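Beneath this line is the structure, given in structure tokens, with notes to follow.
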Amino acid sequence: MPLISTQNLTKRYPGPGGGVLALDALSVEIEPGIVGLVGANGAGKSTLLRILLGLLAPTSGRASVLGLDTAANGGRIRERVGYMPEHDVLPSDLTATDLVAHLAEMSGLPRIAARERTADVLRHVGLFEERYRPIGGYSTGMRQRVKLAQALVHDPRLLLLDEPTNGLDPAGRDEMLDLVRRTGTEFGIAVLVCSHLLGEIERVCDHVVAIDGGRLLRSASLASFTGRTGTLIVEVDEGAADLAADLVAAGFPARVDGPRRVLVGTHAELPYDAIRDAAASRGLALIRVEPARHRVEDLFRDDVHEEGVRGTAA
Amino acid sequence: MAQPPDLIAGSATGSIFDLGYHGYDGPRLGRRHAISTLFVHSLKWTFGIGRGGRAKIAPFVLAGLTLLPAVIAVGIRALAGPAAERVSPITPQNYLTYVQTFIAFFVTAQAPELLGRDQRSHVLTLYFSRALERTDYALAKYGALVCALALVLLAPQAVLLLGMIFASVDLGAGLGATLPLVVPILLSTVVAAAFFSGIALAIAAFIPRRAFSAGAIVATFLVLSGVVEILVVRGRLRDPFRYVALLDPYALLDGLASTLFGVPGRDASVTHSGVDPAIFAVGACVVAVATLLVIVARYRRIEA
């Protein structure tokens, strides 16, 4: 049984001109694991999460979580699901300990267990002495940790994380992603993490669901994503055309991309040695060799990307 | 031999993380536990318990002011003896009407604390993504304020009753005079607490900003009672306009007390309108229920 499944899920927010169509007949099945939900801002990610929690009723269609229908069993779903919303939702006058323990009881945990779990979970997300101070004085990174802690405190079977790295600096982003990955891999909690940054999803997820304009773009394992779009960018200060020609001659799909860049496909074997040899034999200065970055844009303009590499391979 | 520093640091963070997460296999008490916890939490919150010292000032000062007339009345009884009946106008039958302004101020101070604060911080999202239902939230908050206010009001009436018993010459006669008052006191206090809390919470549910909602609540009580009383007393209203008196919250309170205790009303809106006090008592109950429905409806739709 899939962890999450939706059938023709549609949500239209009322408004002028027919309102806003946030989800458009979305049908998807999601298996346990760490799953990334990618889409640009406004793609319908948050709407989907809120429907899965039973917080929002769909206009039409059905959804089930943990085998329970969201319309009929919202309460039972929410007991076993942790939700980290995107926006700031923390009262500033409570301490992290008081807030998280209170919310643990709201999830049905007895008082003493709620206190114990709160101490465990706050330590787990990396809040130590600060947890006895009012949240009003916390940095954005600490607030995000509190939000993650309240989602974990009742030991959910599924975590729904909405943009968990929102507003974090690079170091904080790394730590949060690390926490998310540990939560999914070491504690056996299924995770659905929303992001508009495919780079983040790549680092933590093993499955990706991409949505755009409320419709399913693709649902596939991360490996299949990178397998298909795997491209190296090679930058040289001159002679890009020569390098491309040498690489094609050596049997690699390569194509000139501007005067100083060559794109090399990595389908068959890794072309690093060939690039090095070609550059050395031609006496070219290699500036950088890096995998092409996967961004949401790439995913949504996939045809362009694929056509580029396939074109050279032909 | 000491370990290299990086190893110590590494194992230290490692051990912190290794301790970090355990599953939970204990009992899950679900929605009922969530409701009762939120009720108790909100009840304590009303009195500033678990909050800073400043949060305790308003509820306890108002509770003290509500107690004051009872203490004075008991003092007069102690000094004047049996003649007190004529000296002191404050009796258990009309006690609530003497402290009606303090009741209004109490709900003005606490209703925005109970509802507006959660709306401003958006923490409602975290409540509603849990075992608790939206209706449960509204019921727990309403129940908490009604209960808090009932406690504040029952304390002085208990003092008054005990004072009457101990000031009476004959203990048996004292008990005989006061015991029949217990049930009407409980009933009138609970209904009064419910409709005052309901009005305040129904307003606070729509106005998240504390200053604005407190202003709106206090204006509702003071302006409604003042304007309606002037209309009724000066307006010489005829049917059906004299029923305008039912809009005066203090008149509802007075009608409620005089109906339950079987004594004449004191409030000008009641006496001048000529409307049966029992209708005011029914009005108080209707307001208590209607405002609860408004609050529940508001929380079923509120954005979270």
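In the structure tokens, the first chain shown is A, the next is B, and so on; residue numbers restart at 1 for each chain, and ligands run from 1 in the order shown.
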
Determine which residues of chain A sit within 7 Å of chain B, taking into account only C-alpha atoms, and present them as a PyMOL selection string. chain A and resi 53+55+75+78-79+83+89-91+105-110+120-121+123-124+155

Restricting the output to all heavy atoms, write the selected residues as a compact mmCIF listing (two decimals), in the first residue's frame.
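Printed below is out_11.txt as written:
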# COMPACT_ATOMS: atom_id res chain seq x y z
N LEU A 53 -3.02 16.61 5.12
CA LEU A 53 -3.23 16.69 6.56
C LEU A 53 -4.70 16.77 6.93
O LEU A 53 -5.05 16.74 8.11
CB LEU A 53 -2.55 17.94 7.11
CG LEU A 53 -1.05 17.86 7.38
CD1 LEU A 53 -0.49 19.25 7.57
CD2 LEU A 53 -0.79 17.01 8.61
N LEU A 55 -6.36 19.44 6.52
CA LEU A 55 -6.60 20.81 6.95
C LEU A 55 -7.43 21.57 5.93
O LEU A 55 -8.04 22.58 6.23
CB LEU A 55 -5.27 21.56 7.13
CG LEU A 55 -4.44 21.20 8.34
CD1 LEU A 55 -3.15 21.99 8.34
CD2 LEU A 55 -5.22 21.49 9.61
N GLY A 75 -8.42 13.36 11.46
CA GLY A 75 -7.92 13.34 12.83
C GLY A 75 -6.92 12.22 13.06
O GLY A 75 -5.86 12.43 13.66
N ARG A 78 -3.66 13.02 11.35
CA ARG A 78 -2.87 14.06 12.03
C ARG A 78 -2.22 13.54 13.30
O ARG A 78 -1.19 14.06 13.72
CB ARG A 78 -3.75 15.27 12.33
CG ARG A 78 -4.13 16.05 11.08
CD ARG A 78 -4.74 17.39 11.41
NE ARG A 78 -6.02 17.27 12.09
CZ ARG A 78 -7.18 17.17 11.45
NH1 ARG A 78 -7.22 17.18 10.14
NH2 ARG A 78 -8.31 17.07 12.12
N GLU A 79 -2.81 12.50 13.92
CA GLU A 79 -2.18 11.94 15.12
C GLU A 79 -0.83 11.31 14.80
O GLU A 79 0.05 11.25 15.65
CB GLU A 79 -3.09 10.86 15.73
CG GLU A 79 -3.94 11.38 16.85
CD GLU A 79 -4.78 10.28 17.48
OE1 GLU A 79 -4.20 9.26 17.88
OE2 GLU A 79 -6.01 10.47 17.56
N TYR A 83 3.97 17.83 10.92
CA TYR A 83 3.90 18.84 9.87
C TYR A 83 4.74 20.04 10.26
O TYR A 83 4.58 20.61 11.33
CB TYR A 83 2.44 19.26 9.68
CG TYR A 83 2.21 20.42 8.72
CD1 TYR A 83 2.78 20.44 7.46
CD2 TYR A 83 1.39 21.48 9.10
CE1 TYR A 83 2.55 21.50 6.59
CE2 TYR A 83 1.14 22.54 8.24
CZ TYR A 83 1.73 22.54 6.99
OH TYR A 83 1.50 23.59 6.14
N VAL A 89 5.41 30.28 12.57
CA VAL A 89 4.18 29.93 13.28
C VAL A 89 4.43 29.85 14.78
O VAL A 89 3.63 29.28 15.51
CB VAL A 89 3.65 28.55 12.81
CG1 VAL A 89 3.09 28.65 11.42
CG2 VAL A 89 4.75 27.51 12.86
N LEU A 90 5.55 30.43 15.25
CA LEU A 90 5.90 30.23 16.65
C LEU A 90 5.55 31.46 17.48
O LEU A 90 5.90 32.57 17.11
CB LEU A 90 7.40 29.94 16.76
CG LEU A 90 7.89 28.77 15.92
CD1 LEU A 90 9.40 28.66 15.98
CD2 LEU A 90 7.26 27.48 16.39
N PRO A 91 4.89 31.25 18.63
CA PRO A 91 4.62 32.38 19.52
C PRO A 91 5.93 32.82 20.17
O PRO A 91 6.75 31.98 20.56
CB PRO A 91 3.65 31.81 20.55
CG PRO A 91 3.85 30.34 20.51
CD PRO A 91 4.35 29.99 19.15
N GLU A 105 1.47 17.28 23.85
CA GLU A 105 0.22 16.88 24.50
C GLU A 105 -0.97 17.07 23.57
O GLU A 105 -1.92 16.29 23.60
CB GLU A 105 0.03 17.67 25.79
CG GLU A 105 0.94 17.20 26.90
CD GLU A 105 0.45 17.65 28.26
OE1 GLU A 105 -0.51 17.06 28.78
OE2 GLU A 105 1.03 18.62 28.80
N MET A 106 -0.90 18.11 22.75
CA MET A 106 -1.97 18.31 21.75
C MET A 106 -2.01 17.16 20.76
O MET A 106 -3.03 16.94 20.10
CB MET A 106 -1.74 19.62 20.99
CG MET A 106 -1.96 20.88 21.80
SD MET A 106 -3.63 21.01 22.43
CE MET A 106 -3.31 20.80 24.16
N SER A 107 -0.89 16.45 20.61
CA SER A 107 -0.87 15.28 19.75
C SER A 107 -1.32 14.02 20.49
O SER A 107 -1.31 12.94 19.92
CB SER A 107 0.53 15.06 19.18
OG SER A 107 0.81 16.05 18.23
N GLY A 108 -1.64 14.17 21.77
CA GLY A 108 -2.18 13.04 22.51
C GLY A 108 -1.20 12.35 23.44
O GLY A 108 -1.52 11.33 24.04
N LEU A 109 0.03 12.87 23.56
CA LEU A 109 0.98 12.23 24.47
C LEU A 109 0.68 12.63 25.92
O LEU A 109 0.32 13.77 26.19
CB LEU A 109 2.42 12.67 24.13
CG LEU A 109 3.20 11.76 23.18
CD1 LEU A 109 2.47 11.58 21.87
CD2 LEU A 109 4.59 12.30 22.95
N PRO A 110 0.83 11.67 26.85
CA PRO A 110 0.64 12.03 28.26
C PRO A 110 1.70 13.05 28.69
O PRO A 110 2.76 13.15 28.07
CB PRO A 110 0.85 10.71 29.00
CG PRO A 110 0.78 9.66 27.98
CD PRO A 110 1.15 10.26 26.68
N ASP A 120 14.31 15.15 24.41
CA ASP A 120 15.02 14.33 23.41
C ASP A 120 15.06 15.01 22.06
O ASP A 120 16.10 15.11 21.42
CB ASP A 120 14.25 13.00 23.21
CG ASP A 120 14.75 11.95 24.18
OD1 ASP A 120 15.58 12.31 25.04
OD2 ASP A 120 14.28 10.79 24.09
N VAL A 121 13.90 15.46 21.62
CA VAL A 121 13.77 15.96 20.26
C VAL A 121 14.49 17.30 20.10
O VAL A 121 15.14 17.56 19.09
CB VAL A 121 12.28 16.07 19.88
CG1 VAL A 121 12.09 16.87 18.62
CG2 VAL A 121 11.71 14.67 19.67
N ARG A 123 17.10 18.23 21.73
CA ARG A 123 18.52 17.93 21.67
C ARG A 123 18.86 17.37 20.29
O ARG A 123 19.87 17.71 19.69
CB ARG A 123 18.88 16.91 22.76
CG ARG A 123 20.37 16.74 22.96
CD ARG A 123 20.61 15.81 24.11
NE ARG A 123 19.80 14.61 23.97
CZ ARG A 123 19.34 13.91 25.00
NH1 ARG A 123 19.59 14.28 26.22
NH2 ARG A 123 18.63 12.82 24.80
N HIS A 124 17.98 16.55 19.78
CA HIS A 124 18.20 15.96 18.47
C HIS A 124 18.32 17.02 17.37
O HIS A 124 19.17 16.92 16.50
CB HIS A 124 17.07 14.99 18.15
CG HIS A 124 17.00 14.59 16.72
ND1 HIS A 124 18.00 13.87 16.12
CD2 HIS A 124 16.09 14.84 15.76
CE1 HIS A 124 17.70 13.68 14.86
NE2 HIS A 124 16.54 14.26 14.61
N ASP A 155 6.67 11.38 17.56
CA ASP A 155 7.17 10.22 16.83
C ASP A 155 6.21 9.83 15.71
O ASP A 155 5.61 8.75 15.74
CB ASP A 155 7.38 9.03 17.79
CG ASP A 155 8.11 7.89 17.08
OD1 ASP A 155 8.87 8.17 16.14
OD2 ASP A 155 7.90 6.73 17.47

Residues within 9 Å of segment 72-81 of chain B, only C-alpha atoms, excluding chain neighbours under 2 positions, as an NGL selection string: :B and (67-70 or 83-85 or 87-91 or 159-164 or 166-169)

Any chance you could export the current selection's all heavy atoms as a compact mmCIF listing (two decimals), in the first residue's frame?
# COMPACT_ATOMS: atom_id res chain seq x y z
N LEU B 67 -13.94 40.77 44.83
CA LEU B 67 -14.09 40.26 46.20
C LEU B 67 -14.45 41.38 47.18
O LEU B 67 -15.07 41.15 48.22
CB LEU B 67 -12.77 39.59 46.61
CG LEU B 67 -12.72 38.72 47.85
CD1 LEU B 67 -13.70 37.56 47.72
CD2 LEU B 67 -11.31 38.19 48.05
N LEU B 68 -14.04 42.59 46.82
CA LEU B 68 -14.14 43.71 47.77
C LEU B 68 -15.55 43.94 48.31
O LEU B 68 -15.74 44.05 49.53
CB LEU B 68 -13.60 44.98 47.08
CG LEU B 68 -13.04 46.05 48.02
CD1 LEU B 68 -11.92 45.48 48.87
CD2 LEU B 68 -12.53 47.24 47.19
N PRO B 69 -16.58 44.03 47.45
CA PRO B 69 -17.92 44.26 47.98
C PRO B 69 -18.35 43.19 48.99
O PRO B 69 -19.02 43.49 49.97
CB PRO B 69 -18.81 44.23 46.74
CG PRO B 69 -17.90 44.54 45.61
CD PRO B 69 -16.57 43.98 45.98
N ALA B 70 -17.91 41.95 48.75
CA ALA B 70 -18.28 40.87 49.67
C ALA B 70 -17.63 41.09 51.03
O ALA B 70 -18.26 40.94 52.09
CB ALA B 70 -17.86 39.52 49.09
N ALA B 83 -29.13 44.20 62.33
CA ALA B 83 -29.60 45.41 61.65
C ALA B 83 -28.99 45.55 60.27
O ALA B 83 -29.40 46.42 59.49
CB ALA B 83 -29.24 46.64 62.49
N ALA B 84 -28.00 44.70 59.95
CA ALA B 84 -27.28 44.83 58.68
C ALA B 84 -28.22 44.76 57.50
O ALA B 84 -27.96 45.38 56.46
CB ALA B 84 -26.23 43.74 58.59
N GLU B 85 -29.29 43.99 57.62
CA GLU B 85 -30.22 43.85 56.50
C GLU B 85 -30.63 45.21 55.97
O GLU B 85 -30.81 45.40 54.77
CB GLU B 85 -31.48 43.09 56.95
CG GLU B 85 -31.22 41.65 57.39
CD GLU B 85 -30.80 40.72 56.26
OE1 GLU B 85 -30.98 41.11 55.10
OE2 GLU B 85 -30.27 39.63 56.56
N VAL B 87 -28.87 48.10 56.65
CA VAL B 87 -27.72 48.98 56.39
C VAL B 87 -27.03 48.64 55.07
O VAL B 87 -26.70 49.51 54.28
CB VAL B 87 -26.69 48.87 57.54
CG1 VAL B 87 -25.57 49.89 57.34
CG2 VAL B 87 -27.39 49.08 58.87
N SER B 88 -26.80 47.33 54.86
CA SER B 88 -26.00 46.93 53.71
C SER B 88 -26.89 46.53 52.55
O SER B 88 -27.71 45.63 52.67
CB SER B 88 -25.11 45.74 54.09
OG SER B 88 -24.59 45.16 52.92
N PRO B 89 -26.73 47.19 51.40
CA PRO B 89 -27.56 46.85 50.24
C PRO B 89 -27.05 45.61 49.51
O PRO B 89 -27.74 45.10 48.64
CB PRO B 89 -27.43 48.09 49.35
CG PRO B 89 -26.07 48.64 49.67
CD PRO B 89 -25.79 48.29 51.12
N ILE B 90 -25.84 45.16 49.84
CA ILE B 90 -25.26 44.07 49.07
C ILE B 90 -25.72 42.73 49.64
O ILE B 90 -25.47 42.43 50.81
CB ILE B 90 -23.72 44.15 49.10
CG1 ILE B 90 -23.26 45.49 48.51
CG2 ILE B 90 -23.10 42.99 48.34
CD1 ILE B 90 -21.79 45.75 48.70
N THR B 91 -26.40 41.96 48.84
CA THR B 91 -26.89 40.66 49.27
C THR B 91 -26.45 39.60 48.26
O THR B 91 -26.05 39.94 47.15
CB THR B 91 -28.43 40.65 49.33
OG1 THR B 91 -28.91 40.81 47.99
CG2 THR B 91 -28.97 41.76 50.22
N VAL B 159 -17.71 33.87 50.22
CA VAL B 159 -17.36 34.70 51.38
C VAL B 159 -18.62 35.31 51.99
O VAL B 159 -18.82 35.29 53.21
CB VAL B 159 -16.35 35.80 50.97
CG1 VAL B 159 -16.22 36.84 52.07
CG2 VAL B 159 -15.00 35.19 50.61
N LEU B 160 -19.46 35.81 51.11
CA LEU B 160 -20.69 36.46 51.56
C LEU B 160 -21.59 35.48 52.33
O LEU B 160 -22.11 35.78 53.40
CB LEU B 160 -21.42 37.01 50.33
CG LEU B 160 -22.44 38.12 50.53
CD1 LEU B 160 -21.79 39.31 51.22
CD2 LEU B 160 -23.00 38.54 49.18
N LEU B 161 -21.75 34.27 51.76
CA LEU B 161 -22.59 33.26 52.41
C LEU B 161 -22.02 32.86 53.76
O LEU B 161 -22.74 32.80 54.76
CB LEU B 161 -22.70 32.02 51.52
CG LEU B 161 -23.65 32.09 50.32
CD1 LEU B 161 -23.89 30.69 49.77
CD2 LEU B 161 -24.98 32.73 50.71
N LEU B 162 -20.70 32.60 53.78
CA LEU B 162 -20.08 32.20 55.05
C LEU B 162 -20.22 33.33 56.07
O LEU B 162 -20.49 33.09 57.25
CB LEU B 162 -18.60 31.87 54.82
CG LEU B 162 -18.35 30.58 54.04
CD1 LEU B 162 -16.87 30.37 53.78
CD2 LEU B 162 -18.94 29.38 54.80
N GLY B 163 -20.06 34.57 55.61
CA GLY B 163 -20.21 35.72 56.50
C GLY B 163 -21.60 35.77 57.10
O GLY B 163 -21.78 36.01 58.29
N MET B 164 -22.59 35.51 56.25
CA MET B 164 -23.98 35.53 56.74
C MET B 164 -24.20 34.45 57.78
O MET B 164 -24.87 34.67 58.80
CB MET B 164 -24.94 35.31 55.56
CG MET B 164 -25.19 36.55 54.73
SD MET B 164 -26.15 36.14 53.27
CE MET B 164 -27.72 35.66 54.00
N PHE B 166 -21.99 32.95 59.75
CA PHE B 166 -21.29 33.15 61.02
C PHE B 166 -21.75 34.40 61.74
O PHE B 166 -21.60 34.52 62.95
CB PHE B 166 -19.78 33.15 60.80
CG PHE B 166 -19.27 31.78 60.45
CD1 PHE B 166 -18.67 31.53 59.23
CD2 PHE B 166 -19.42 30.72 61.36
CE1 PHE B 166 -18.24 30.26 58.91
CE2 PHE B 166 -18.98 29.45 61.03
CZ PHE B 166 -18.38 29.22 59.80
N ALA B 167 -22.34 35.37 61.01
CA ALA B 167 -22.80 36.59 61.67
C ALA B 167 -24.19 36.40 62.27
O ALA B 167 -24.63 37.21 63.08
CB ALA B 167 -22.82 37.74 60.66
N SER B 168 -24.85 35.31 61.85
CA SER B 168 -26.21 35.13 62.38
C SER B 168 -26.15 34.65 63.83
O SER B 168 -25.21 33.96 64.23
CB SER B 168 -26.98 34.13 61.51
OG SER B 168 -26.26 32.93 61.46
N VAL B 169 -27.14 35.06 64.60
CA VAL B 169 -27.17 34.75 66.02
C VAL B 169 -27.25 33.24 66.23
O VAL B 169 -26.55 32.66 67.04
CB VAL B 169 -28.39 35.42 66.67
CG1 VAL B 169 -28.31 35.31 68.19
CG2 VAL B 169 -28.48 36.88 66.23

Can you tell me which residues surround segment 239-254 of chain B at a distance of at most 6 Å, considering only C-alpha atoms, apart from same-chain residues fewer than 5 positions away, and format the answer as a PyMOL selection string? chain B and resi 224-225+228+265+267+269-270+273+280+284

Could you save the residues just selected, with N, CA and C atoms, as a PDB file, in the first residue's frame?
ATOM      1  N   LEU B 224     -23.221  49.606  24.913  1.00  0.00           N
ATOM      2  CA  LEU B 224     -24.532  48.959  24.829  1.00  0.00           C
ATOM      3  C   LEU B 224     -25.330  49.205  26.106  1.00  0.00           C
ATOM      4  N   SER B 225     -24.694  48.972  27.245  1.00  0.00           N
ATOM      5  CA  SER B 225     -25.458  49.120  28.484  1.00  0.00           C
ATOM      6  C   SER B 225     -25.857  50.580  28.684  1.00  0.00           C
ATOM      7  N   VAL B 228     -28.485  51.768  25.708  1.00  0.00           N
ATOM      8  CA  VAL B 228     -29.792  51.105  25.844  1.00  0.00           C
ATOM      9  C   VAL B 228     -30.515  51.619  27.086  1.00  0.00           C
ATOM     10  N   GLY B 265     -35.772  43.437  40.227  1.00  0.00           N
ATOM     11  CA  GLY B 265     -34.533  43.831  39.582  1.00  0.00           C
ATOM     12  C   GLY B 265     -34.055  45.201  40.030  1.00  0.00           C
ATOM     13  N   ASP B 267     -31.642  46.911  37.803  1.00  0.00           N
ATOM     14  CA  ASP B 267     -31.150  47.604  36.622  1.00  0.00           C
ATOM     15  C   ASP B 267     -32.268  48.427  35.986  1.00  0.00           C
ATOM     16  N   SER B 269     -32.722  49.388  32.987  1.00  0.00           N
ATOM     17  CA  SER B 269     -33.251  48.857  31.726  1.00  0.00           C
ATOM     18  C   SER B 269     -34.324  47.809  31.998  1.00  0.00           C
ATOM     19  N   VAL B 270     -34.167  47.067  33.084  1.00  0.00           N
ATOM     20  CA  VAL B 270     -35.163  46.049  33.418  1.00  0.00           C
ATOM     21  C   VAL B 270     -36.409  46.710  33.992  1.00  0.00           C
ATOM     22  N   SER B 273     -38.273  49.218  31.398  1.00  0.00           N
ATOM     23  CA  SER B 273     -38.838  48.672  30.165  1.00  0.00           C
ATOM     24  C   SER B 273     -40.122  47.907  30.434  1.00  0.00           C
ATOM     25  N   PHE B 280     -35.318  38.358  30.269  1.00  0.00           N
ATOM     26  CA  PHE B 280     -33.894  38.699  30.299  1.00  0.00           C
ATOM     27  C   PHE B 280     -33.060  37.459  30.631  1.00  0.00           C
ATOM     28  N   ALA B 284     -30.141  35.849  28.403  1.00  0.00           N
ATOM     29  CA  ALA B 284     -28.764  35.575  28.822  1.00  0.00           C
ATOM     30  C   ALA B 284     -28.327  34.196  28.341  1.00  0.00           C
TER      31      ALA B 284
END

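Between Ser139 of chain A and the candidates A:Asp88, A:Glu269, A:Asp174, A:Glu186, the tightest atom-to-atom separation, counting only C-alpha atoms, involves A:Asp88.
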
Members of segment 114-291 of chain A assigned alpha helix (DSSP H) by DSSP, as a PyMOL selection string: chain A and resi 114-124+140-152+170-186+198-204+222-229+240-249+272-282

So that I can check the surroundings of segment 207-216 of chain B, please list as a count of residues only every protein, DNA and RNA residue that reaches within 12 Å of it, counting only C-alpha atoms and ignoring chain neighbours fewer than 6 positions away. 27
